[in-house]
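Text of the file protein.pdb, holding PDB, C-alpha atoms and all ligand atoms:
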ATOM      1  CA  MET C   1      61.152  54.060  71.693
ATOM      2  CA  HIS C   2      59.803  55.497  68.461
ATOM      3  CA  ILE C   3      62.150  55.178  65.480
ATOM      4  CA  ARG C   4      62.043  57.411  62.423
ATOM      5  CA  ASN C   5      64.382  58.398  59.605
ATOM      6  CA  VAL C   6      66.695  61.308  60.294
ATOM      7  CA  ARG C   7      65.901  64.709  58.860
ATOM      8  CA  GLU C   8      68.511  67.267  57.879
ATOM      9  CA  ALA C   9      67.840  69.437  60.941
ATOM     10  CA  ASP C  10      68.579  66.490  63.271
ATOM     11  CA  PHE C  11      72.317  66.696  62.777
ATOM     12  CA  THR C  12      73.026  69.071  65.659
ATOM     13  CA  GLU C  13      71.112  66.896  68.135
ATOM     14  CA  CYS C  14      73.027  63.881  66.872
ATOM     15  CA  PHE C  15      76.416  65.366  67.574
ATOM     16  CA  GLU C  16      75.272  66.637  70.959
ATOM     17  CA  ILE C  17      74.159  63.113  71.933
ATOM     18  CA  ALA C  18      77.436  61.677  70.634
ATOM     19  CA  ARG C  19      79.423  64.144  72.740
ATOM     20  CA  ARG C  20      77.519  63.211  75.875
ATOM     21  CA  ALA C  21      77.632  59.482  75.149
ATOM     22  CA  TRP C  22      81.255  59.359  74.057
ATOM     23  CA  PRO C  23      83.200  62.504  75.113
ATOM     24  CA  GLU C  24      86.535  61.126  73.872
ATOM     25  CA  PHE C  25      85.217  60.795  70.334
ATOM     26  CA  HIS C  26      85.638  63.700  67.966
ATOM     27  CA  GLU C  27      83.829  63.818  64.676
ATOM     28  CA  ARG C  28      83.374  66.841  62.456
ATOM     29  CA  GLU C  29      79.892  68.371  62.547
ATOM     30  CA  SER C  30      79.860  68.225  58.756
ATOM     31  CA  ILE C  31      79.808  64.429  58.863
ATOM     32  CA  TYR C  32      76.596  64.436  60.932
ATOM     33  CA  HIS C  33      75.119  66.953  58.534
ATOM     34  CA  LEU C  34      76.102  64.873  55.529
ATOM     35  CA  PHE C  35      74.414  61.740  56.894
ATOM     36  CA  CYS C  36      71.255  63.562  57.968
ATOM     37  CA  LYS C  37      70.978  65.189  54.544
ATOM     38  CA  PHE C  38      72.179  62.585  52.065
ATOM     39  CA  PHE C  39      71.749  59.232  53.856
ATOM     40  CA  SER C  40      68.421  59.842  55.542
ATOM     41  CA  ASN C  41      66.865  56.639  54.157
ATOM     42  CA  THR C  42      69.420  54.531  56.055
ATOM     43  CA  SER C  43      69.950  56.719  59.158
ATOM     44  CA  PHE C  44      67.591  56.737  62.113
ATOM     45  CA  ILE C  45      66.581  58.657  65.202
ATOM     46  CA  GLY C  46      65.201  57.037  68.353
ATOM     47  CA  GLU C  47      62.744  59.165  70.313
ATOM     48  CA  ALA C  48      61.292  58.726  73.765
ATOM     49  CA  ASN C  49      58.433  61.064  74.644
ATOM     50  CA  ALA C  50      59.232  63.057  71.485
ATOM     51  CA  VAL C  51      62.818  63.657  72.668
ATOM     52  CA  THR C  52      65.744  62.320  70.659
ATOM     53  CA  VAL C  53      67.641  59.775  72.745
ATOM     54  CA  ALA C  54      69.627  57.803  70.166
ATOM     55  CA  PHE C  55      70.686  57.767  66.539
ATOM     56  CA  LEU C  56      72.255  55.501  63.945
ATOM     57  CA  LEU C  57      74.043  56.837  60.861
ATOM     58  CA  GLY C  58      74.466  54.300  58.081
ATOM     59  CA  PHE C  59      74.526  53.857  54.327
ATOM     60  CA  ILE C  60      74.575  51.310  51.523
ATOM     61  CA  SER C  61      77.804  50.965  49.583
ATOM     62  CA  GLN C  62      77.755  52.674  46.197
ATOM     63  CA  VAL C  63      80.116  50.043  44.759
ATOM     64  CA  ASP C  64      78.539  46.937  46.299
ATOM     65  CA  ARG C  65      74.797  47.220  46.895
ATOM     66  CA  GLU C  66      74.881  44.078  49.040
ATOM     67  CA  GLN C  67      77.007  45.821  51.662
ATOM     68  CA  GLY C  68      75.670  48.155  54.306
ATOM     69  CA  TYR C  69      77.847  50.215  56.602
ATOM     70  CA  ILE C  70      77.105  51.714  60.011
ATOM     71  CA  HIS C  71      79.230  54.766  60.602
ATOM     72  CA  LEU C  72      78.074  55.714  64.067
ATOM     73  CA  VAL C  73      75.524  54.878  66.722
ATOM     74  CA  ALA C  74      75.127  56.643  70.054
ATOM     75  CA  VAL C  75      72.612  56.525  72.864
ATOM     76  CA  GLU C  76      71.992  59.221  75.467
ATOM     77  CA  PRO C  77      73.782  57.977  78.612
ATOM     78  CA  ALA C  78      70.583  57.884  80.679
ATOM     79  CA  ALA C  79      68.926  55.726  78.008
ATOM     80  CA  GLN C  80      71.721  53.200  77.615
ATOM     81  CA  ARG C  81      71.200  49.493  78.353
ATOM     82  CA  THR C  82      67.511  49.746  77.572
ATOM     83  CA  GLY C  83      67.786  48.152  74.132
ATOM     84  CA  ALA C  84      67.812  51.437  72.181
ATOM     85  CA  ALA C  85      70.861  50.654  70.030
ATOM     86  CA  ARG C  86      69.631  47.124  69.408
ATOM     87  CA  GLU C  87      66.288  48.497  68.183
ATOM     88  CA  LEU C  88      68.048  50.931  65.851
ATOM     89  CA  TYR C  89      70.179  48.118  64.436
ATOM     90  CA  GLU C  90      67.124  45.939  63.870
ATOM     91  CA  ARG C  91      65.475  48.813  62.007
ATOM     92  CA  PHE C  92      68.616  49.345  59.918
ATOM     93  CA  PHE C  93      68.893  45.629  59.108
ATOM     94  CA  GLY C  94      65.244  45.579  58.097
ATOM     95  CA  GLU C  95      65.435  48.654  55.865
ATOM     96  CA  VAL C  96      68.693  47.820  54.082
ATOM     97  CA  GLY C  97      67.747  44.132  53.858
ATOM     98  CA  GLN C  98      64.704  45.094  51.833
ATOM     99  CA  LEU C  99      66.999  47.045  49.537
ATOM    100  CA  GLY C 100      69.149  43.949  48.908
ATOM    101  CA  VAL C 101      71.918  44.303  51.503
ATOM    102  CA  ARG C 102      73.265  40.967  52.737
ATOM    103  CA  GLU C 103      76.141  42.032  54.936
ATOM    104  CA  VAL C 104      76.634  44.939  57.328
ATOM    105  CA  ARG C 105      80.078  46.242  58.197
ATOM    106  CA  LEU C 106      81.465  48.738  60.692
ATOM    107  CA  ILE C 107      84.597  49.400  62.705
ATOM    108  CA  VAL C 108      85.063  49.727  66.452
ATOM    109  CA  ASN C 109      87.822  51.412  68.388
ATOM    110  CA  PRO C 110      89.597  48.658  70.375
ATOM    111  CA  ASP C 111      89.439  50.688  73.583
ATOM    112  CA  ASN C 112      85.638  51.024  73.343
ATOM    113  CA  ALA C 113      84.627  48.119  75.575
ATOM    114  CA  ALA C 114      80.902  48.933  75.516
ATOM    115  CA  SER C 115      80.787  49.015  71.735
ATOM    116  CA  LEU C 116      82.811  45.805  71.407
ATOM    117  CA  ALA C 117      80.446  44.036  73.809
ATOM    118  CA  PHE C 118      77.387  45.443  72.073
ATOM    119  CA  HIS C 119      78.453  44.362  68.589
ATOM    120  CA  ARG C 120      79.523  40.896  69.710
ATOM    121  CA  LYS C 121      76.179  40.509  71.451
ATOM    122  CA  LEU C 122      74.392  41.428  68.236
ATOM    123  CA  GLY C 123      76.241  38.718  66.342
ATOM    124  CA  PHE C 124      78.979  40.710  64.649
ATOM    125  CA  THR C 125      82.279  38.936  63.941
ATOM    126  CA  ALA C 126      85.698  40.609  63.873
ATOM    127  CA  ASP C 127      87.362  40.579  60.445
ATOM    128  CA  LEU C 128      91.043  40.597  61.329
ATOM    129  CA  HIS C 129      92.742  40.568  57.951
ATOM    130  CA  GLY C 130      96.234  41.969  57.525
ATOM    131  CA  PRO C 131      98.750  42.851  60.226
ATOM    132  CA  THR C 132      97.202  42.962  63.679
ATOM    133  CA  THR C 133      98.186  44.445  67.001
ATOM    134  CA  GLU C 134      96.923  44.152  70.568
ATOM    135  CA  VAL C 135      95.298  47.110  72.312
ATOM    136  CA  ASP C 136      94.032  46.617  75.879
ATOM    137  CA  ASN C 137      93.920  42.835  75.289
ATOM    138  CA  VAL C 138      91.880  43.338  72.107
ATOM    139  CA  ILE C 139      93.237  42.241  68.724
ATOM    140  CA  ALA C 140      92.829  45.036  66.173
ATOM    141  CA  VAL C 141      93.918  45.620  62.587
ATOM    142  CA  LYS C 142      97.113  47.622  62.814
ATOM    143  CA  ASP C 143      97.037  51.120  61.306
ATOM    144  CA  TYR C 144      93.566  50.459  59.862
ATOM    145  CA  ASN C 145      92.714  54.162  59.762
ATOM    146  CA  GLY C 146      96.271  55.448  59.394
ATOM    147  CA  PRO C 147      99.478  55.248  61.406
ATOM    148  CA  GLY C 148      98.716  54.295  65.004
ATOM    149  CA  ILE C 149      94.945  54.254  64.446
ATOM    150  CA  HIS C 150      94.171  50.593  65.027
ATOM    151  CA  MET C 151      90.559  49.420  64.605
ATOM    152  CA  VAL C 152      88.469  46.272  64.883
ATOM    153  CA  PRO C 153      86.437  45.761  61.685
ATOM    154  CA  PHE C 154      83.229  43.799  62.206
ATOM    155  CA  TYR C 155      80.760  42.203  59.817
ATOM    156  CA  ARG C 156      77.432  40.461  60.150
ATOM    157  CA  LYS C 157      75.346  38.687  57.560
ATOM    158  CA  ILE C 158      71.694  39.616  57.346
ATOM    159  CA  ASP C 159      68.889  37.819  55.619
ATOM    160  CA  SER C 160      67.863  39.404  52.367
ATOM    161  CA  PRO C 161      65.468  40.601  51.050
ATOM    162  CA  ARG C 162      63.622  40.978  54.331
ATOM    163  CA  GLY C 163      66.628  41.674  56.529
ATOM    164  CA  ARG C 164      65.472  39.460  59.387
ATOM    165  CA  MET C 165      68.070  39.149  62.158
ATOM    166  CA  GLN C 166      69.775  35.743  62.131
TER     167      GLN C 166
HETATM  168  C1  LIG L 201      77.550  51.139  72.447
HETATM  169  C2  LIG L 201      76.170  51.779  72.689
HETATM  170  C3  LIG L 201      75.681  52.383  71.386
HETATM  171  C4  LIG L 201      75.199  50.665  73.140
HETATM  172  O1  LIG L 201      73.887  51.241  73.210
HETATM  173  P1  LIG L 201      72.750  50.682  74.206
HETATM  174  O2  LIG L 201      71.448  51.206  73.748
HETATM  175  O3  LIG L 201      73.144  50.932  75.613
HETATM  176  O4  LIG L 201      72.826  49.112  73.929
HETATM  177  P2  LIG L 201      71.614  48.068  74.147
HETATM  178  O5  LIG L 201      70.851  48.438  75.361
HETATM  179  O6  LIG L 201      70.842  47.913  72.873
HETATM  180  O7  LIG L 201      72.463  46.751  74.441
HETATM  181  C5  LIG L 201      72.239  45.494  73.809
HETATM  182  C6  LIG L 201      73.210  44.517  74.420
HETATM  183  O8  LIG L 201      74.561  44.896  74.096
HETATM  184  C7  LIG L 201      75.418  44.613  75.224
HETATM  185  N1  LIG L 201      75.930  45.884  75.783
HETATM  186  C8  LIG L 201      75.523  47.139  75.509
HETATM  187  N2  LIG L 201      76.243  48.032  76.208
HETATM  188  C9  LIG L 201      77.113  47.311  76.956
HETATM  189  C10 LIG L 201      78.109  47.663  77.901
HETATM  190  N3  LIG L 201      78.340  48.957  78.239
HETATM  191  N4  LIG L 201      78.822  46.688  78.483
HETATM  192  C11 LIG L 201      78.593  45.392  78.166
HETATM  193  N5  LIG L 201      77.651  44.979  77.292
HETATM  194  C12 LIG L 201      76.920  45.951  76.685
HETATM  195  C13 LIG L 201      74.548  43.933  76.265
HETATM  196  O9  LIG L 201      74.603  42.535  76.023
HETATM  197  C14 LIG L 201      73.178  44.479  75.923
HETATM  198  O10 LIG L 201      72.127  43.667  76.357
HETATM  199  P3  LIG L 201      71.671  43.709  77.927
HETATM  200  O11 LIG L 201      71.598  45.151  78.339
HETATM  201  O12 LIG L 201      70.359  43.003  77.906
HETATM  202  O13 LIG L 201      72.735  42.978  78.675
HETATM  203  C15 LIG L 201      76.222  52.847  73.821
HETATM  204  O14 LIG L 201      76.966  52.349  74.900
HETATM  205  C16 LIG L 201      76.820  54.185  73.397
HETATM  206  O15 LIG L 201      76.115  55.103  72.927
HETATM  207  N6  LIG L 201      78.157  54.338  73.555
HETATM  208  C17 LIG L 201      78.826  55.586  73.165
HETATM  209  C18 LIG L 201      78.923  55.735  71.653
HETATM  210  C19 LIG L 201      79.638  54.571  71.023
HETATM  211  O16 LIG L 201      80.604  54.045  71.539
HETATM  212  N7  LIG L 201      79.128  54.159  69.826
HETATM  213  C20 LIG L 201      79.677  53.031  69.092
HETATM  214  C21 LIG L 201      80.780  53.489  68.225
HETATM  215  S1  LIG L 201      81.472  52.126  67.275
END
Starting from the file, give its structure as structure tokens.
Ligand SMILES: CC(C)(COP(=O)(O)OP(=O)(O)OC[C@H]1O[C@@H](n2cnc3c(N)ncnc32)[C@H](O)[C@@H]1OP(=O)(O)O)[C@@H](O)C(=O)NCCC(=O)NCCS
Amino acid sequence: MHIRNVREADFTECFEIARRAWPEFHERESIYHLFCKFFSNTSFIGEANAVTVAFLLGFISQVDREQGYIHLVAVEPAAQRTGAARELYERFFGEVGQLGVREVRLIVNPDNAASLAFHRKLGFTADLHGPTTEVDNVIAVKDYNGPGIHMVPFYRKIDSPRGRMQ
């Protein structure tokens, strides 16, 4: 897979991949556009034979430059379990690590078993501060994203400045 930074025009392909990969998930098109336009140095496209098959949308915190955040990753269903998301994460860790990031954070929906397994496999740890609740046998932070919207926050340290995976 060839990995490159997103370009503004990529945003439509990103939301089309997300809809195929995760039909239950609904995100406004404007969010994809915003990442592809304003966070292109920390957001990536994965291409196979010049076709987009995966993307990662991330950024570095404006208030803590040692924190990176991954908003969304998705892989075309036919390309899943081939290491595409892992490669995108490694690229993200490398890029933001060189910019001084030491910790990467993200949140996962507790009913998203694939994403939970993926992030645990990549060495992320759940950060279960505050009131918690159980969803499908998964402990999540209660009301993390508003009433009834429980989430599992994850974090992972990365080496800085080179961002090598631990
Ligand atoms: C989660 C997702 C991004 C993983 O992408 P992927 O490219 O298939 O993942 P990788 O091939 O890099 O997987 C790396 C490892 O993670 C784990 N993993 C990935 N998907 C898994 C699954 N469905 N079930 C269990 N473990 C999984 C495995 O250990 C895997 O290694 P292996 O295939 O050698 O066993 C993909 O399933 C997806 O696009 N889902 C829909 C969108 C989504 O949920 N995004 C995350 C939002 S928080």
Enter the distance from atom CA of Pro23 of chain C to atom C18 of ligand LIG 201 (chain L), in Å, rounded to one decimal.
->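 These two atoms are separated by 8.7 Å.
The closest residue to Ile70 of chain C, picked from C:Val108, C:Ala117, C:Val51, C:Ala9 and counting only C-alpha atoms, is C:Val108.
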Name the residues that the PyMOL selection byres (((not hetatm)) within 8 of (chain L and resi 201)) picks from the file above, as a PyMOL selection string, using the file's chain letters and numbers.
-> chain C and resi 18+21-22+54+71-77+79-87+106-109+112-122
What separates atom CA of Gly146 of chain C and atom CA of Cys14 of chain C is a distance of 25.8 Å
Which segment 39-146 of chain C residues have any atom within 12 Å of an atom of segment 30-34 of chain C, and for each, what is the nearest pair of atoms with distance in Å to one decimal, counting only C-alpha atoms, rows sorted by chain and number, as CSV?
residue,atom,partner,partner_atom,distance
C:Phe39,CA,C:Leu34,CA,7.3
C:Ser40,CA,C:Leu34,CA,9.2
C:Ser43,CA,C:Tyr32,CA,10.3
C:Phe44,CA,C:Tyr32,CA,11.9
C:Phe55,CA,C:Tyr32,CA,10.5
C:Leu56,CA,C:Tyr32,CA,10.4
C:Leu57,CA,C:Tyr32,CA,8.0
C:Gly58,CA,C:Tyr32,CA,10.7
C:Phe59,CA,C:Leu34,CA,11.2
C:His71,CA,C:Ile31,CA,9.8
C:Leu72,CA,C:Tyr32,CA,9.4
C:Val73,CA,C:Tyr32,CA,11.2
Those selected residues, please, written with C-alpha atoms and delivered as a compact mmCIF listing (two decimals), in the frame of the given file.
# COMPACT_ATOMS: atom_id res chain seq x y z
CA PHE C 39 71.75 59.23 53.86
CA SER C 40 68.42 59.84 55.54
CA SER C 43 69.95 56.72 59.16
CA PHE C 44 67.59 56.74 62.11
CA PHE C 55 70.69 57.77 66.54
CA LEU C 56 72.26 55.50 63.94
CA LEU C 57 74.04 56.84 60.86
CA GLY C 58 74.47 54.30 58.08
CA PHE C 59 74.53 53.86 54.33
CA HIS C 71 79.23 54.77 60.60
CA LEU C 72 78.07 55.71 64.07
CA VAL C 73 75.52 54.88 66.72
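Counting from atom CA of Glu95 of chain C, the distance to atom CA of Ile45 of chain C is 13.7 Å.
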Determine, counting all atoms listed in the file, which protein, DNA and RNA residues have an atom within 7 Å of an atom of segment 133-143 of chain C; residues of the same chain fewer than 5 positions away are not included. Present the result as a CSV table (one decimal) with C-alpha atoms, in the coordinates of the input.
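Result saved to around.csv:
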chain,number,residue,atom,x,y,z
C,110,PRO,CA,89.6,48.7,70.4
C,111,ASP,CA,89.4,50.7,73.6
C,128,LEU,CA,91.0,40.6,61.3
C,148,GLY,CA,98.7,54.3,65.0
C,149,ILE,CA,94.9,54.3,64.4
C,150,HIS,CA,94.2,50.6,65.0
C,151,MET,CA,90.6,49.4,64.6
C,152,VAL,CA,88.5,46.3,64.9
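Among the candidates C:Glu24, C:Asp10, C:Glu103, C:Asp159, the residue lying nearest to Arg65 of chain C is C:Glu103 (atoms considered: only C-alpha atoms).
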The PyMOL selection byres (((chain C and resi 68) around 12) and not hetatm) on the file shown: which residues, as a PyMOL selection string?
-> chain C and resi 39+42-43+57-67+69-71+89+92-106+154-158+160+163
Nearest to Glu90 of chain C, chosen from C:Arg19, C:Ala78, C:Ala50, C:Ile3, with only C-alpha atoms counted in the distances |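 Closest to Glu90 of chain C of all the choices is C:Ile3.
When only C-alpha atoms are used to compute distances to Glu8 of chain C, the closest of the residues C:Tyr144, C:Phe124, C:Lys37, C:Ala48 turns out to be C:Lys37.
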